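Q: target30.csv is the file, holding CSV, C-alpha atoms:
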chain,number,residue,atom,x,y,z
A,209,MET,CA,0.0,0.0,0.0
A,210,LEU,CA,2.8,2.4,0.9
A,211,SER,CA,4.7,1.7,-2.3
A,212,THR,CA,1.5,2.0,-4.3
A,213,LEU,CA,0.7,5.5,-3.1
A,214,ARG,CA,4.3,6.6,-3.3
A,215,GLN,CA,4.4,5.5,-6.9
A,216,MET,CA,1.1,7.3,-7.6
A,217,ILE,CA,2.7,10.5,-6.3
A,218,ILE,CA,5.9,10.0,-8.3
A,219,SER,CA,4.0,9.3,-11.5
A,220,GLY,CA,1.7,12.3,-11.1
A,221,GLU,CA,-1.4,10.1,-10.9
A,222,LEU,CA,-1.8,11.9,-7.5
A,223,PRO,CA,-0.7,15.5,-8.5
A,224,ALA,CA,0.8,18.1,-6.2
A,225,GLY,CA,-2.0,19.9,-4.4
A,226,GLU,CA,-4.5,17.1,-4.5
A,227,ARG,CA,-6.4,16.5,-1.3
A,228,LEU,CA,-6.5,12.9,0.0
A,229,ALA,CA,-8.8,11.3,2.6
A,230,GLU,CA,-8.8,7.8,4.0
A,231,ILE,CA,-12.2,6.6,2.9
A,232,PRO,CA,-12.1,7.7,-0.8
A,233,THR,CA,-8.5,6.5,-1.1
A,234,ALA,CA,-9.3,3.1,0.4
A,235,GLU,CA,-12.3,2.7,-1.9
A,236,ARG,CA,-10.2,3.7,-4.9
A,237,LEU,CA,-7.6,1.1,-4.1
A,238,GLY,CA,-10.0,-1.6,-2.9
A,239,VAL,CA,-8.5,-1.9,0.6
A,240,SER,CA,-9.5,-1.1,4.2
A,241,ARG,CA,-8.9,2.2,5.8
A,242,THR,CA,-6.1,0.9,8.2
A,243,PRO,CA,-3.3,0.4,5.6
A,244,VAL,CA,-4.2,3.7,4.0
A,245,ARG,CA,-4.0,5.5,7.3
A,246,ILE,CA,-0.6,3.9,8.0
A,247,ALA,CA,0.6,4.8,4.5
A,248,PHE,CA,-0.5,8.4,4.8
A,249,ARG,CA,1.5,8.8,8.1
A,250,ALA,CA,4.6,7.3,6.5
A,251,LEU,CA,4.3,9.5,3.4
A,252,GLU,CA,3.9,12.6,5.6
A,253,GLN,CA,7.1,11.6,7.4
A,254,GLU,CA,8.8,11.2,4.1
A,255,GLY,CA,7.8,14.7,3.0
A,256,LEU,CA,5.4,13.7,0.2
A,257,LEU,CA,2.2,14.6,2.0
A,258,THR,CA,1.2,17.5,4.3
A,259,LYS,CA,-1.4,16.9,7.0
A,260,LEU,CA,-4.3,19.3,6.9
A,261,GLU,CA,-5.6,21.1,10.0
A,262,ARG,CA,-8.9,19.4,9.9
A,263,ARG,CA,-9.0,16.1,8.1
A,264,GLY,CA,-7.0,14.5,5.4
A,265,TYR,CA,-3.7,15.2,3.6
A,266,ARG,CA,-2.5,17.2,0.6
A,267,VAL,CA,0.1,16.0,-1.9
A,268,ARG,CA,3.2,18.2,-1.5
A,269,GLU,CA,5.0,19.8,-4.5
A,270,VAL,CA,8.4,18.3,-4.6
A,271,THR,CA,11.3,19.6,-6.6
A,272,PRO,CA,14.3,17.7,-8.0
A,273,GLU,CA,16.6,20.0,-5.9
A,274,GLU,CA,14.9,18.8,-2.7
A,275,ILE,CA,15.3,15.1,-3.7
A,276,GLY,CA,18.9,15.6,-4.9
A,277,GLY,CA,19.9,17.4,-1.7
A,278,ALA,CA,18.3,14.9,0.6
A,279,VAL,CA,19.8,11.9,-1.2
A,280,GLU,CA,23.3,13.5,-1.2
A,281,VAL,CA,23.1,14.0,2.6
A,282,ARG,CA,22.0,10.4,3.1
A,283,GLY,CA,24.9,9.2,0.9
A,284,VAL,CA,27.4,11.1,2.9
A,285,LEU,CA,26.0,9.8,6.2
A,286,GLU,CA,25.8,6.2,5.1
A,287,GLY,CA,29.2,6.4,3.5
A,288,LEU,CA,30.6,7.6,6.8
A,289,ALA,CA,28.9,4.7,8.6
A,290,ALA,CA,30.4,2.2,6.2
A,291,ARG,CA,33.9,3.6,6.6
A,292,GLN,CA,33.7,3.6,10.4
A,293,ALA,CA,32.2,0.1,10.4
A,294,ALA,CA,35.2,-1.1,8.3
A,295,GLU,CA,37.6,0.7,10.6
A,296,ARG,CA,36.0,-0.8,13.7
A,297,GLY,CA,35.5,-4.2,12.3
A,298,LEU,CA,32.2,-6.2,12.3
A,299,THR,CA,31.1,-8.3,15.3
A,300,PRO,CA,30.2,-11.9,14.5
A,301,VAL,CA,26.5,-11.0,15.0
A,302,GLN,CA,26.7,-8.0,12.6
A,303,ARG,CA,28.6,-10.0,10.0
A,304,ASP,CA,26.1,-12.9,10.2
A,305,GLY,CA,23.2,-10.4,9.8
A,306,LEU,CA,24.7,-8.8,6.8
A,307,LEU,CA,25.4,-12.2,5.2
A,308,GLN,CA,21.8,-13.3,5.9
A,309,CYS,CA,20.6,-10.2,4.0
A,310,LEU,CA,22.9,-11.0,1.1
A,311,ALA,CA,21.7,-14.6,1.0
A,312,GLU,CA,18.0,-13.6,1.0
A,313,GLY,CA,18.7,-11.1,-1.8
A,314,ASP,CA,20.6,-13.8,-3.8
A,315,GLY,CA,17.5,-16.0,-3.5
A,316,LEU,CA,15.2,-13.3,-4.8
A,317,PHE,CA,17.2,-12.4,-7.9
A,318,ALA,CA,18.5,-15.9,-8.8
A,319,LYS,CA,15.5,-16.8,-10.9
A,320,GLY,CA,16.1,-13.9,-13.3
A,321,TYR,CA,12.9,-11.9,-12.7
A,322,VAL,CA,11.0,-10.4,-9.8
A,323,ASN,CA,7.3,-9.9,-8.8
A,324,GLU,CA,5.8,-7.5,-6.4
A,325,GLU,CA,6.1,-9.9,-3.5
A,326,ASP,CA,9.8,-10.2,-4.2
A,327,LEU,CA,10.3,-6.5,-4.1
A,328,GLU,CA,8.4,-6.2,-0.8
A,329,ALA,CA,10.8,-8.8,0.6
A,330,TYR,CA,13.7,-6.8,-0.8
A,331,HIS,CA,12.4,-3.7,0.8
A,332,ASP,CA,12.6,-5.4,4.2
A,333,LEU,CA,16.0,-6.9,3.8
A,334,ASN,CA,17.3,-3.6,2.4
A,335,LYS,CA,16.2,-1.8,5.6
A,336,ARG,CA,18.0,-4.4,7.7
A,337,PHE,CA,21.2,-4.3,5.7
A,338,HIS,CA,21.4,-0.5,6.0
A,339,ALA,CA,20.5,-0.5,9.7
A,340,LEU,CA,23.2,-3.1,10.4
A,341,ILE,CA,25.9,-0.9,8.7
A,342,ILE,CA,24.8,2.1,10.8
A,343,GLU,CA,24.9,0.0,13.9
A,344,ALA,CA,28.3,-1.4,13.0
A,345,SER,CA,29.7,2.2,12.7
A,346,GLY,CA,29.4,2.6,16.5
A,347,ASN,CA,28.5,6.2,15.9
A,348,PRO,CA,25.1,7.2,17.3
A,349,ALA,CA,25.3,10.6,15.8
A,350,ILE,CA,24.9,9.1,12.3
A,351,GLU,CA,21.5,7.6,13.2
A,352,SER,CA,20.4,10.8,14.8
A,353,ALA,CA,21.4,12.8,11.7
A,354,LEU,CA,19.7,10.4,9.4
A,355,SER,CA,16.4,10.6,11.4
A,356,ARG,CA,16.5,14.4,11.1
A,357,ASN,CA,16.9,14.0,7.4
A,358,GLU,CA,14.1,11.6,6.9
A,359,HIS,CA,11.3,14.2,6.6
A,360,LEU,CA,12.7,15.2,3.2
A,361,PRO,CA,11.5,13.4,0.1
A,362,PHE,CA,13.3,10.1,-0.6
A,363,ALA,CA,15.8,10.8,2.1
A,364,THR,CA,15.1,7.4,3.8
A,365,VAL,CA,16.2,4.0,2.6
A,366,SER,CA,12.6,2.9,2.9
A,367,SER,CA,11.5,5.2,0.1
A,368,LEU,CA,11.3,2.7,-2.7
A,369,THR,CA,8.9,2.8,-5.6
A,370,VAL,CA,8.0,0.1,-8.0
A,371,ASP,CA,6.9,0.4,-11.6
A,372,ARG,CA,4.4,-2.5,-11.9
A,373,ASN,CA,4.2,-2.0,-15.7
A,374,ASN,CA,8.0,-2.6,-16.2
A,375,LEU,CA,9.1,-5.3,-13.7
A,376,ALA,CA,11.9,-6.3,-16.1
A,377,ALA,CA,13.5,-2.9,-15.6
A,378,GLU,CA,12.8,-3.1,-11.9
A,379,TYR,CA,14.6,-6.5,-11.8
A,380,ARG,CA,17.7,-4.9,-13.3
A,381,ARG,CA,17.6,-1.9,-11.0
A,382,PHE,CA,17.1,-3.8,-7.8
A,383,ASN,CA,19.5,-6.6,-8.7
A,384,PHE,CA,22.2,-3.9,-9.4
A,385,ALA,CA,21.5,-2.4,-5.9
A,386,HIS,CA,21.9,-5.8,-4.4
A,387,LEU,CA,25.2,-6.3,-6.1
A,388,GLN,CA,26.3,-3.0,-4.6
A,389,HIS,CA,25.3,-4.5,-1.2
A,390,HIS,CA,27.7,-7.4,-1.9
A,391,ALA,CA,30.5,-4.9,-2.8
A,392,ALA,CA,29.8,-2.8,0.3
A,393,PHE,CA,30.0,-5.9,2.6
A,394,ASP,CA,33.2,-7.1,0.9
A,395,ALA,CA,34.8,-3.7,1.6
A,396,ILE,CA,33.7,-3.5,5.2
A,397,ASP,CA,34.6,-7.1,5.9
A,398,HIS,CA,38.1,-6.5,4.5
A,399,ARG,CA,38.5,-3.3,6.6
A,400,GLN,CA,38.7,-1.2,3.4
A,401,GLY,CA,37.2,2.0,4.8
A,402,ALA,CA,37.6,4.4,1.8
A,403,ARG,CA,36.3,1.8,-0.6
A,404,ALA,CA,33.3,1.1,1.6
A,405,GLU,CA,32.5,4.8,1.9
A,406,GLY,CA,32.6,5.3,-1.8
A,407,ILE,CA,30.4,2.3,-2.5
A,408,MET,CA,27.7,3.4,-0.1
A,409,ARG,CA,27.7,7.0,-1.4
A,410,GLU,CA,27.3,5.7,-4.9
A,411,HIS,CA,24.6,3.3,-3.7
A,412,ALA,CA,22.5,6.2,-2.4
A,413,GLN,CA,22.6,7.9,-5.9
A,414,ALA,CA,20.2,5.3,-7.3
A,415,THR,CA,17.4,7.3,-5.7
A,416,LEU,CA,18.2,10.3,-7.9
A,417,ARG,CA,16.3,8.6,-10.7
A,418,TYR,CA,13.3,10.1,-8.9
A,419,ALA,CA,14.7,13.6,-9.3
A,420,GLU,CA,15.1,13.0,-13.0
A,421,THR,CA,11.4,11.8,-13.1
A,422,PHE,CA,10.3,15.0,-11.5
A,423,ALA,CA,12.5,17.1,-13.8
A,424,GLY,CA,11.0,15.4,-16.8
A,425,ARG,CA,7.4,16.0,-15.6
A,426,MET,CA,8.2,19.6,-14.9
A,427,GLU,CA,9.5,20.1,-18.5
A,428,GLN,CA,6.3,18.5,-19.9
A,429,THR,CA,4.0,20.6,-17.8
A,430,ALA,CA,5.9,23.7,-18.7
A,431,GLU,CA,5.2,23.1,-22.3
A,432,ARG,CA,1.5,22.9,-21.4
A,433,HIS,CA,1.8,26.1,-19.3
A,434,VAL,CA,0.9,24.3,-16.1
A,435,ILE,CA,2.5,25.6,-12.9
A,436,GLY,CA,3.8,23.1,-10.4
A,437,VAL,CA,4.8,19.5,-10.3
A,438,GLU,CA,2.1,17.1,-11.5
Would you mind writing the file's structure down as structure tokens?
A:
Amino acid sequence: MLSTLRQMIISGELPAGERLAEIPTAERLGVSRTPVRIAFRALEQEGLLTKLERRGYRVREVTPEEIGGAVEVRGVLEGLAARQAAERGLTPVQRDGLLQCLAEGDGLFAKGYVNEEDLEAYHDLNKRFHALIIEASGNPAIESALSRNEHLPFATVSSLTVDRNNLAAEYRRFNFAHLQHHAAFDAIDHRQGARAEGIMREHAQATLRYAETFAGRMEQTAERHVIGVE
């Protein structure tokens, strides 16, 4: 539900300025109100929705600059976490946890394609993988800084969208991200701090495809003399 609504905002199906309420949205998507309510709160936290004073939410206008800046900050912070994790060394529990994430990802992508259930599973293991690296850094200031950055659009590792109409492309995108996980683990495990930092900073840049999406939509709407991001 969360990824569905996020994708609807990214694609412009839910344009900037549109008001959203639980019941109409639940009816539109054929679900109960509870998952919609949870998704709305998460999207507000991500900076994609604004809560209205009375009831409901409004879709925020998001610029490519906002996305790019937020992703750049996350890349710097996660790169620092990876470098410090490599310098400190992994505990046996942390190492096993990261290896488990990699093994689960290998299983998802081994068959050469993915479905929506696979990508939901990837979303969960991706969160665990990143959280373990931050934990392994031993630096609580990194987690604190990341939490302050999370209210910005696509600044959190949880902000994944899925194009259900092109799962072949999504397979390539997420499989590549998973291969980056392997490379990051290898660098951390071999105590290669600078390499680990560079990989994680590059890994964060994958989210910038969303900025390009917004930029493209802005160019199209400008041609039609429409103001704002749709």
Q: Would you work out the distance separating CA of Arg399 (chain A) from CA of Ile342 (chain A), expressed in Å to one decimal?
A: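 One can read the CA of Arg399 (chain A) to CA of Ile342 (chain A) distance as 15.3 Å.
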Q: Taking only C-alpha atoms into account, name the residue in A:Glu325, A:Glu410, A:Glu405, A:Glu226 that is nearest to Ala290 (chain A).
A: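 Checking each candidate against Ala290 (chain A), we get A:Glu405 as the closest.
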Q: Could you work out how far CA of Cys309 (chain A) lies from CA of Arg403 (chain A), giving the answer in Å with one decimal?
A: 20.3 Å
Q: Tell me, as a PyMOL selection string, which residues lie within 8 Å of region 235-251 of chain A, counting only C-alpha atoms; anything in the same chain fewer than 6 positions away does not count.
A: chain A and resi 209-210+213-214+257+265
Q: I want to know what sits within 12 Å of Arg409 (chain A), based on all atoms listed in the file, with residues of the same chain fewer than 6 positions away left out; could you give that as number ranges by chain?
A: A: 279-291, 388-389, 392, 402-403, 415-416
Q: Distance CA of Tyr330 (chain A)-CA of Pro272 (chain A), one decimal place?
A: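 Here the two named atoms are 25.5 Å from each other.
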Q: Under the rule that all atoms listed in the file are counted, which of A:Leu333, A:Ala377, A:Ala353, A:Val270 is the nearest residue to Gly320 (chain A)?
A: A:Ala377
Q: For a quick check of understanding, using only C-alpha atoms, which of A:Glu343, A:Glu230, A:Glu328, A:Asp314 has the smallest distance to Ala294 (chain A)?
A: A:Glu343
